[in-house]
There are 2 protein chains.
Amino acid sequence: MSAVAAKPGSVSSHASSNDRCFNFSAGPGCLPEEVIQQAQQDLWNIAGSGVGICEHSHRAKVYDKILADAEADCRKIGNIPAAYKILFLTGGATSQNFMVPANLLGQDETADYLTTGYWAEKSAEQAKLYGGVNEAWDGRASKHSYIPSDAEIKYSAKPSYVHMCSNNTIYGTEWRASETDASWRLPKVPAGVPLVCDMSSDLFCRPTDFSKFGLVYAGAQKNIGIAGTTLVVVHEDLLKRNPRELPGMLQYRVHAKDESRHNTPPVFAIYFSGLVFKWILKQGGLDAIFKRNVEKAGLIYDVLDKSSFYKAHARKDSRSLMNITFRTPTAELDDKFVAEAKAQGMDQLKGHRATGGMRASTYNAFPRAGCEALAQFMREFERKNG
Amino acid sequence: MSAVAAKPGSVSSHASSNDRCFNFSAGPGCLPEEVIQQAQQDLWNIAGSGVGICEHSHRAKVYDKILADAEADCRKIGNIPAAYKILFLTGGATSQNFMVPANLLGQDETADYLTTGYWAEKSAEQAKLYGGVNEAWDGRASKHSYIPSDAEIKYSAKPSYVHMCSNNTIYGTEWRASETDASWRLPKVPAGVPLVCDMSSDLFCRPTDFSKFGLVYAGAQKNIGIAGTTLVVVHEDLLKRNPRELPGMLQYRVHAKDESRHNTPPVFAIYFSGLVFKWILKQGGLDAIFKRNVEKAGLIYDVLDKSSFYKAHARKDSRSLMNITFRTPTAELDDKFVAEAKAQGMDQLKGHRATGGMRASTYNAFPRAGCEALAQFMREFERKNG
C-alpha cells in the first residue's frame, strides 16, 4: 500500500481486520457495513458537491436526487403499484399509531385491531382517542405466543379498516403461511375493508404483495435504515378520507402533495434508507433476501428444535424470521448465556422483560456468520450446562 | 506518513488539503468539520463498543450517556435553570407550531403572535386550529424588513402566551438591542404571560437568559446539528396545562416524563447535537461564539454599509447575525453574483424567492474565512459591475 496523505474526512476502506461485533439488537438494528462506509464518505462531501450530506438544503439538487432515488428504489423493491404514495415521515411508528386513526377513522366509526403483541396493543390504545375500536383478536391470554387463524378473528360489522402488526419484535412471532413456509399469510379481512399494517420490524424481509394493503408503515431502524424516519405506503383512495381537521404535519394528503418535503425532512435518515434500498437491490431483491433470511433464522431454529434445553417462546407456525425468542431452563442460566455470548462478540441477546430469556434479532443486514456463530455457541452452551 | 493498513470503517484525518466549499445554505446549514470527522468514526464503531452509533439500542448504555451528556451540555451552554425540561423531539419546528397551541392554548383562550416573518406567519396559522389568535404585530406591510418596537405591539387583554420568532431566516432580521448592539432585545410581554420563542435559526448564537422564556424550540439543522431532531426547552409550570386530550407523542409532559425516549428517538440526530454542544463549549461557550458571530457578520455588513451598489433588505436595527440578505441593482446582476461566487467556491448564496437577491447564512459553524472570502468577492464584484 502506498503512503498517500489522505484528505480530511476521507475514509480508508482497505480492510485487513474488523473491530465490530455481532449485534443482535432488536432495534435500532445492525446496518450493512458497505452502507455505513458509504455514509462515512458522504458525511464529508457527497457526490463531489463540496458539501456533506447533512449540510445540503433539502431543496437542493443533491437532495432532489436522493429523495427521487429512494422513492423509486423502494417502489422497485416492493413492486409497489403506482396507486400508492410512498412517504418518508418522522415520529416513528408510534406516531403512525395515532396518525392512522386520525386520518382514517371517523368519530362514529369502528376500526378492527388484531392485537398480536405489545406494539399492536399500543396501536389499538391510540385509536380509541379518535373512534371506536374492536379488538378482533386479543393474544394477551397466550402471552402473544402465536398468530390467530382466520377462525379465531371476530371482525365487527363494518370496520373502517383492519389493523395488524406483521412481526411482533418482543414475542418473536410473525404472520406466516405455516410451520415450514415463512412466506406471507394475511388475515382474510371483510371485502372492501382496507388492511393497515405496521411492518416496522419485517418490512422487506420477504416478497410482499403491497396491493393487499391499504396502508403500510414502518420505522426505518430495523430493516431499512436508521432511527429518524418512518416509511408510509398508502393507497391514494385513503387520502380522500377526511374525518377531522388536523395540522398539516399530521395529514397524509399534505405529505403526499408536498412529496415528503412539507417541512425540513430528516435528510440523513432518508438518505440512509436510500442507501439500504440500493443495497437490497444489489443483494438480488426480496427473493434473494428472503432465501437468506430463511437460512439465517433456520440455523438458530434448528438448534431450538433439536434441543430439550432451550424453549422457544413462539409457536412453530408463528415464529419470526427477524426476532428469535427462547430461554434456557432457568433465569440464572439465561444471564450466564447472555454474558458468555457477549464475551465472545455476540451482543444484545438479552430478551425483553415481557418474555425474559434471550432474543436474537436477525434483520436483513445481520450477517449469516453471526447466525452460525450463535448456533455454534448455543450447542456448546447446552453441552456445558444442559 | 507511514503506510499503515487501515481497518474497515476507519477514517484518516491527517489532512493536507480540503475538498469542501464555503456553504452559505440557510438550512440544513454547514457543520463544524471536527464534528463531522468524529461522526464518521462513530458511525462505524462508537466508544469501542464494536457497534456503530446508529446501531445501538436507544435503551443501551452507550446511548444513555449520549443523551445524558447532550442534555447536560445543552443546560451548561445556555445556563438553563433546573425548572426547565430539555427535550429532544422530532417533526421539526413545524410540528412545534401546532404542539405549542395544542398543549398550551384552551379553545376559548387567545394567544398573541408577533408576526415578523414567514415562519412566524405559519406559527400563527397553526394556532388557529386550537384557539383564538391575536396578531399583536404584523410585519407583512413592510415586507418583514424590521422588528417592531414595544410601542408598535398591541397585546390582547389576557393572552395565554406570546409567540415570537427570534430570527427570520428568509428576511434576515433578528430581535436585537440596537444598530450597534446585537445582543438580545425581547418584547415587553404583559406580566405573568409566558413568552414562547421559535429559535430555530439563532439558538446559541449569543448569550441568552432562558429564564425570560416559558418555552423555546429549535429545529437542530441550523445552529445545533442536523435535520431530524427539534430541541424544546420548557418550564415545568407549562407542563401542567392540559387544555385537551392528545396522543402521547404530542404531549410535552409525556416526553418530559419519558425523558425524550417515549418511542425510538432519532438517535443519530440527537447524538450529533450532543457533539455540536461539546464543540460550542470547546469554542469558549456563548460569549466566545457571540463575539465571533458579530465579527463574521460584521465583515459582510461592513461592505453593505459602505456601498451604494448593494442594498440590504433588513433595517439596520433589526439585522441578523445569522442570515444576511442583500441585492445588487438588478436581478440579472444578482444571478451573475450567485454564479460567479459559486465558481469561486461559495455555494448557496441565492436568496429566498420572497426577498430575491442574495442570502449569506453565517451560522455558528460557518468559518470566518468564508465571510472574509465573501466580503472580498463583494468588493471585487462591485468594482467590476458597479
# chains A, B, ... in the order shown; residues from 1 in each chain; ligands from 1
$ select_by_dssp --residues "segment 238-339 of chain B" --states "strand (DSSP E)" --output "list in words"
Lys311, Ala312, Asn323, Ile324, Thr325, Phe326 and Arg327 of chain B
$ closest_atom_pairs --of "segment 159-252 of chain A" --to "segment 48-54 of chain B" --cutoff "10 Å" --atoms "only C-alpha atoms" --output "Markdown table"
| residue | atom | partner | partner_atom | distance |
| --- | --- | --- | --- | --- |
| A:Gln221 | CA | B:Cys54 | CA | 8.4 |
| A:Gly225 | CA | B:Cys54 | CA | 8.7 |
| A:Ile226 | CA | B:Cys54 | CA | 6.0 |
| A:Ala227 | CA | B:Cys54 | CA | 7.4 |
$ closest_residue --among "B:Ser156, B:Asn223, B:Ser149, B:Thr355" --to "chain A" --atoms "only C-alpha atoms"
B:Asn223
$ closest_residue --among "B:Ser123, B:Thr208, B:Thr180, B:Thr264" --to "chain A" --atoms "only C-alpha atoms"
B:Thr264
$ select_by_dssp --residues "segment 106-341 of chain B" --states "helix (DSSP H, G or I)" --output "PyMOL selection string"
chain B and resi 118-127+140-142+150-152+210-212+236-240+248-250+252-257+267-283+285-305+316-318+331-341
$ decode --residues "segment 248-284 of chain A" --atoms "N, CA and C atoms" --output "PDB file, in the first residue's frame"
ATOM      1  N   GLY A 248     -51.296  20.382   9.273  1.00  0.00           N
ATOM      2  CA  GLY A 248     -50.709  19.852   8.047  1.00  0.00           C
ATOM      3  C   GLY A 248     -49.734  18.710   8.297  1.00  0.00           C
ATOM      4  N   MET A 249     -48.923  18.834   9.322  1.00  0.00           N
ATOM      5  CA  MET A 249     -47.900  17.820   9.608  1.00  0.00           C
ATOM      6  C   MET A 249     -48.511  16.464   9.951  1.00  0.00           C
ATOM      7  N   LEU A 250     -49.796  16.442  10.294  1.00  0.00           N
ATOM      8  CA  LEU A 250     -50.446  15.178  10.674  1.00  0.00           C
ATOM      9  C   LEU A 250     -51.325  14.615   9.568  1.00  0.00           C
ATOM     10  N   GLN A 251     -51.327  15.268   8.406  1.00  0.00           N
ATOM     11  CA  GLN A 251     -52.192  14.808   7.308  1.00  0.00           C
ATOM     12  C   GLN A 251     -51.376  14.086   6.241  1.00  0.00           C
ATOM     13  N   TYR A 252     -51.768  12.861   5.954  1.00  0.00           N
ATOM     14  CA  TYR A 252     -51.103  12.131   4.872  1.00  0.00           C
ATOM     15  C   TYR A 252     -51.196  12.883   3.552  1.00  0.00           C
ATOM     16  N   ARG A 253     -52.373  13.482   3.302  1.00  0.00           N
ATOM     17  CA  ARG A 253     -52.551  14.107   1.980  1.00  0.00           C
ATOM     18  C   ARG A 253     -51.611  15.294   1.804  1.00  0.00           C
ATOM     19  N   VAL A 254     -51.310  15.979   2.900  1.00  0.00           N
ATOM     20  CA  VAL A 254     -50.366  17.110   2.810  1.00  0.00           C
ATOM     21  C   VAL A 254     -48.952  16.596   2.498  1.00  0.00           C
ATOM     22  N   HIS A 255     -48.546  15.547   3.191  1.00  0.00           N
ATOM     23  CA  HIS A 255     -47.208  14.989   2.911  1.00  0.00           C
ATOM     24  C   HIS A 255     -47.144  14.433   1.493  1.00  0.00           C
ATOM     25  N   ALA A 256     -48.257  13.852   1.026  1.00  0.00           N
ATOM     26  CA  ALA A 256     -48.276  13.314  -0.338  1.00  0.00           C
ATOM     27  C   ALA A 256     -48.158  14.449  -1.355  1.00  0.00           C
ATOM     28  N   LYS A 257     -48.957  15.509  -1.139  1.00  0.00           N
ATOM     29  CA  LYS A 257     -48.922  16.660  -2.052  1.00  0.00           C
ATOM     30  C   LYS A 257     -47.528  17.295  -2.064  1.00  0.00           C
ATOM     31  N   ASP A 258     -46.923  17.417  -0.875  1.00  0.00           N
ATOM     32  CA  ASP A 258     -45.613  18.072  -0.771  1.00  0.00           C
ATOM     33  C   ASP A 258     -44.455  17.092  -0.952  1.00  0.00           C
ATOM     34  N   GLU A 259     -44.771  15.878  -1.328  1.00  0.00           N
ATOM     35  CA  GLU A 259     -43.765  14.861  -1.662  1.00  0.00           C
ATOM     36  C   GLU A 259     -42.680  14.732  -0.587  1.00  0.00           C
ATOM     37  N   SER A 260     -43.138  14.506   0.630  1.00  0.00           N
ATOM     38  CA  SER A 260     -42.251  14.267   1.785  1.00  0.00           C
ATOM     39  C   SER A 260     -41.329  15.450   2.097  1.00  0.00           C
ATOM     40  N   ARG A 261     -41.718  16.641   1.628  1.00  0.00           N
ATOM     41  CA  ARG A 261     -40.949  17.840   1.979  1.00  0.00           C
ATOM     42  C   ARG A 261     -41.866  18.962   2.440  1.00  0.00           C
ATOM     43  N   HIS A 262     -42.878  18.611   3.245  1.00  0.00           N
ATOM     44  CA  HIS A 262     -43.752  19.651   3.779  1.00  0.00           C
ATOM     45  C   HIS A 262     -42.945  20.595   4.673  1.00  0.00           C
ATOM     46  N   ASN A 263     -42.019  20.022   5.427  1.00  0.00           N
ATOM     47  CA  ASN A 263     -41.064  20.842   6.204  1.00  0.00           C
ATOM     48  C   ASN A 263     -39.675  20.247   5.961  1.00  0.00           C
ATOM     49  N   THR A 264     -38.682  20.725   6.680  1.00  0.00           N
ATOM     50  CA  THR A 264     -37.340  20.159   6.520  1.00  0.00           C
ATOM     51  C   THR A 264     -37.378  18.700   6.948  1.00  0.00           C
ATOM     52  N   PRO A 265     -37.142  17.782   6.030  1.00  0.00           N
ATOM     53  CA  PRO A 265     -37.222  16.361   6.384  1.00  0.00           C
ATOM     54  C   PRO A 265     -35.942  15.909   7.088  1.00  0.00           C
ATOM     55  N   PRO A 266     -35.971  14.717   7.690  1.00  0.00           N
ATOM     56  CA  PRO A 266     -34.762  14.182   8.318  1.00  0.00           C
ATOM     57  C   PRO A 266     -33.820  13.667   7.229  1.00  0.00           C
ATOM     58  N   VAL A 267     -33.080  14.594   6.638  1.00  0.00           N
ATOM     59  CA  VAL A 267     -32.300  14.339   5.423  1.00  0.00           C
ATOM     60  C   VAL A 267     -31.416  13.090   5.543  1.00  0.00           C
ATOM     61  N   PHE A 268     -30.668  13.000   6.624  1.00  0.00           N
ATOM     62  CA  PHE A 268     -29.706  11.893   6.733  1.00  0.00           C
ATOM     63  C   PHE A 268     -30.420  10.548   6.846  1.00  0.00           C
ATOM     64  N   ALA A 269     -31.486  10.499   7.599  1.00  0.00           N
ATOM     65  CA  ALA A 269     -32.207   9.227   7.778  1.00  0.00           C
ATOM     66  C   ALA A 269     -32.823   8.770   6.451  1.00  0.00           C
ATOM     67  N   ILE A 270     -33.358   9.694   5.676  1.00  0.00           N
ATOM     68  CA  ILE A 270     -33.950   9.332   4.377  1.00  0.00           C
ATOM     69  C   ILE A 270     -32.848   8.921   3.407  1.00  0.00           C
ATOM     70  N   TYR A 271     -31.768   9.691   3.395  1.00  0.00           N
ATOM     71  CA  TYR A 271     -30.589   9.324   2.591  1.00  0.00           C
ATOM     72  C   TYR A 271     -30.142   7.907   2.926  1.00  0.00           C
ATOM     73  N   PHE A 272     -30.105   7.600   4.232  1.00  0.00           N
ATOM     74  CA  PHE A 272     -29.605   6.293   4.666  1.00  0.00           C
ATOM     75  C   PHE A 272     -30.532   5.168   4.192  1.00  0.00           C
ATOM     76  N   SER A 273     -31.836   5.378   4.297  1.00  0.00           N
ATOM     77  CA  SER A 273     -32.769   4.376   3.769  1.00  0.00           C
ATOM     78  C   SER A 273     -32.560   4.194   2.275  1.00  0.00           C
ATOM     79  N   GLY A 274     -32.283   5.282   1.582  1.00  0.00           N
ATOM     80  CA  GLY A 274     -31.998   5.185   0.150  1.00  0.00           C
ATOM     81  C   GLY A 274     -30.805   4.272  -0.126  1.00  0.00           C
ATOM     82  N   LEU A 275     -29.777   4.406   0.680  1.00  0.00           N
ATOM     83  CA  LEU A 275     -28.604   3.525   0.518  1.00  0.00           C
ATOM     84  C   LEU A 275     -28.971   2.071   0.793  1.00  0.00           C
ATOM     85  N   VAL A 276     -29.790   1.856   1.825  1.00  0.00           N
ATOM     86  CA  VAL A 276     -30.191   0.478   2.149  1.00  0.00           C
ATOM     87  C   VAL A 276     -31.044  -0.103   1.022  1.00  0.00           C
ATOM     88  N   PHE A 277     -31.890   0.708   0.419  1.00  0.00           N
ATOM     89  CA  PHE A 277     -32.681   0.220  -0.724  1.00  0.00           C
ATOM     90  C   PHE A 277     -31.750  -0.235  -1.857  1.00  0.00           C
ATOM     91  N   LYS A 278     -30.737   0.570  -2.142  1.00  0.00           N
ATOM     92  CA  LYS A 278     -29.793   0.182  -3.204  1.00  0.00           C
ATOM     93  C   LYS A 278     -29.068  -1.115  -2.823  1.00  0.00           C
ATOM     94  N   TRP A 279     -28.772  -1.257  -1.546  1.00  0.00           N
ATOM     95  CA  TRP A 279     -28.104  -2.475  -1.053  1.00  0.00           C
ATOM     96  C   TRP A 279     -29.025  -3.695  -1.231  1.00  0.00           C
ATOM     97  N   ILE A 280     -30.307  -3.531  -0.938  1.00  0.00           N
ATOM     98  CA  ILE A 280     -31.265  -4.642  -1.106  1.00  0.00           C
ATOM     99  C   ILE A 280     -31.321  -5.061  -2.578  1.00  0.00           C
ATOM    100  N   LEU A 281     -31.389  -4.072  -3.462  1.00  0.00           N
ATOM    101  CA  LEU A 281     -31.429  -4.394  -4.899  1.00  0.00           C
ATOM    102  C   LEU A 281     -30.156  -5.122  -5.317  1.00  0.00           C
ATOM    103  N   LYS A 282     -29.040  -4.675  -4.775  1.00  0.00           N
ATOM    104  CA  LYS A 282     -27.747  -5.299  -5.114  1.00  0.00           C
ATOM    105  C   LYS A 282     -27.668  -6.744  -4.615  1.00  0.00           C
ATOM    106  N   GLN A 283     -28.371  -7.017  -3.504  1.00  0.00           N
ATOM    107  CA  GLN A 283     -28.381  -8.390  -2.976  1.00  0.00           C
ATOM    108  C   GLN A 283     -29.223  -9.323  -3.857  1.00  0.00           C
ATOM    109  N   GLY A 284     -30.016  -8.742  -4.755  1.00  0.00           N
ATOM    110  CA  GLY A 284     -30.888  -9.557  -5.606  1.00  0.00           C
ATOM    111  C   GLY A 284     -32.356  -9.348  -5.299  1.00  0.00           C
TER     112      GLY A 284
END
